[in-house]
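Working notes, beginning with the structure itself.
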Amino acid sequence: MSSDFESYEQDFAVLTADITGRIGRVPKLLGDEKKQMVANIEKQLEEARELLEQMELEVREIPPQSRGMYSSRMRSYKQEMGKLEADFKRSRIAYSDEVRNELLGDDGNSSENQRAHLLDNTERLERSSRRLEAGYQIAVETEQIGQEMLENLSHDREKIQRARERLRETDANLGKSSRILTGMLRRIIQNRILLVVLAVFIILTTAAAIFFSVQGR
């Protein structure tokens with residue numbers, strides 16, 4: 001399980017390093033070359049998001065007691081992804097302003113105002129994204145806590161069931177022992193009664209023999 005996560009981790013590191021390098025080159029390019037670079041970066045960002053999703057699925061399959069370390073790494077990768085997207089947005093905004101100026105002939109002041117406005121909107125979107133990410137993280141942690149509680153309850157239930165089974169077995173053994181002891185006691189009483197009857201019979205026989213012997217004389 002962890003080997004799959006680490007494999008995705010390596011792919012993510014290589015991909016994000018390439019994306020970072022390409023984002024830095026965008027402002028230096030012009031025309032179709034810049035358009036192609038922007039398209040390639042968008043494709044790579046989508047691949048990076050898919051890798052994060054795969055890593056998230058792998059983390060959910062890891063046992064709760066070993067999941068903390070991987071969850072922390074996932075938070076770091078998501079922050080890195082957010083920074084890449086923010087950097088790309090700024091680069092793309094700059095690219096859009098240049099194309100707009102070429103097509104419409106806007107002056108420098110108008111472009112700067114539009115860029116400032118777009119950057120402000122981008123920052124707002126980033127803040128909203130961070131809030132959503134924080135809410136998602138809380139939901140994931142809550143889900144993990146709930147899953148751990150369910151697992152603990154399941155373990156406790158199994159322990160209770162095993163204890164009940166042992167009690168049933170003990171009760172059955174006690175019942176069997178009680179029946180055996182009752183049978184033994186019954187046989188002891190019967191044997192004592194037989195001994196008493198036999199002793200009385202011997203005494204009576206002896207007394208009768210003595211009596212007839214005395215009478216014969």
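Letters for chains follow the order of the structure tokens (A, B, ...), residue numbers begin at 1 for each chain, and ligand numbers begin at 1 in the order shown.
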**Asked** What's the 9 Å shell around Met37 in chain A, counting only C-alpha atoms, without same-chain residues fewer than 5 positions away, as a list in words?
**Response**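 Those residues are Arg22, Ile23, Arg25, Val26, Leu29, Asp32 and Glu42 of chain A.
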**Request:** Would you kindly return, as a list of chain:residue names, each protein, DNA or RNA residue with an atom no farther than 10 Å from any atom of Glu47 in chain A, considering only C-alpha atoms and excluding same-chain residues fewer than 4 positions away?
**Result:**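 The contact residues come out as A:Asp11, A:Phe12, A:Leu15, A:Thr16, A:Ile41, A:Glu42, A:Lys43, A:Leu51, A:Leu52, A:Glu53.
As for CA of Gln54 in chain A and CA of Ser66 in chain A, they are spaced 17.9 Å apart.
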**Message:** Under the rule that only C-alpha atoms are counted, which of A:Glu58, A:Asp87, A:Glu50, A:Glu158 is the nearest residue to Pro27 in chain A?
**Reply:**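 Nearest candidate to Pro27 in chain A out of A:Glu58, A:Asp87, A:Glu50, A:Glu158: A:Asp87.
For the set A:Arg157, A:Lys35, A:Arg73, A:Arg186, the residue with the smallest atom-to-atom gap to Ser91 in chain A is A:Lys35, counting only C-alpha atoms.
Relative to CA of Pro63 in chain A, CA of Val14 in chain A is found at 27.5 Å.
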**Asked** Could you name the residues that touch Met81 in chain A at 10 Å or less, counting only C-alpha atoms, but leaving out those on the same chain fewer than 2 positions away, as a list in words?
**Response** Phe12, Thr16, Leu45, Ala48, Arg49, Leu52, Arg75, Ser76, Tyr77, Lys78, Gln79, Lys83, Leu84, Glu85, Ala86 and Asp87 of chain A
**Message:** Between A:Asp18, A:Glu56, A:Glu169, A:Asp4, which residue has the minimum interatomic distance to Gln44 in chain A, considering only C-alpha atoms?
**Reply:** A:Asp18
**Request:** Please measure the separation of CA of Ala39 in chain A and CA of Ala17 in chain A, giving the value in Å to one decimal.
**Result:** 16.9 Å
**Request:** Have a look at A:Arg179, A:Arg92, A:Glu9, A:Glu46 and name the one nearest to Lys34 in chain A; count only C-alpha atoms.
**Result:**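 Distance minimum relative to Lys34 in chain A lands on A:Arg92.
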**Message:** From the options A:Phe211, A:Met184, A:Tyr70, A:Asn191, which residue's atoms come nearest to Phe5 in chain A, counting only C-alpha atoms?
**Reply:**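 That would be A:Tyr70, the residue with the smallest distance to Phe5 in chain A.
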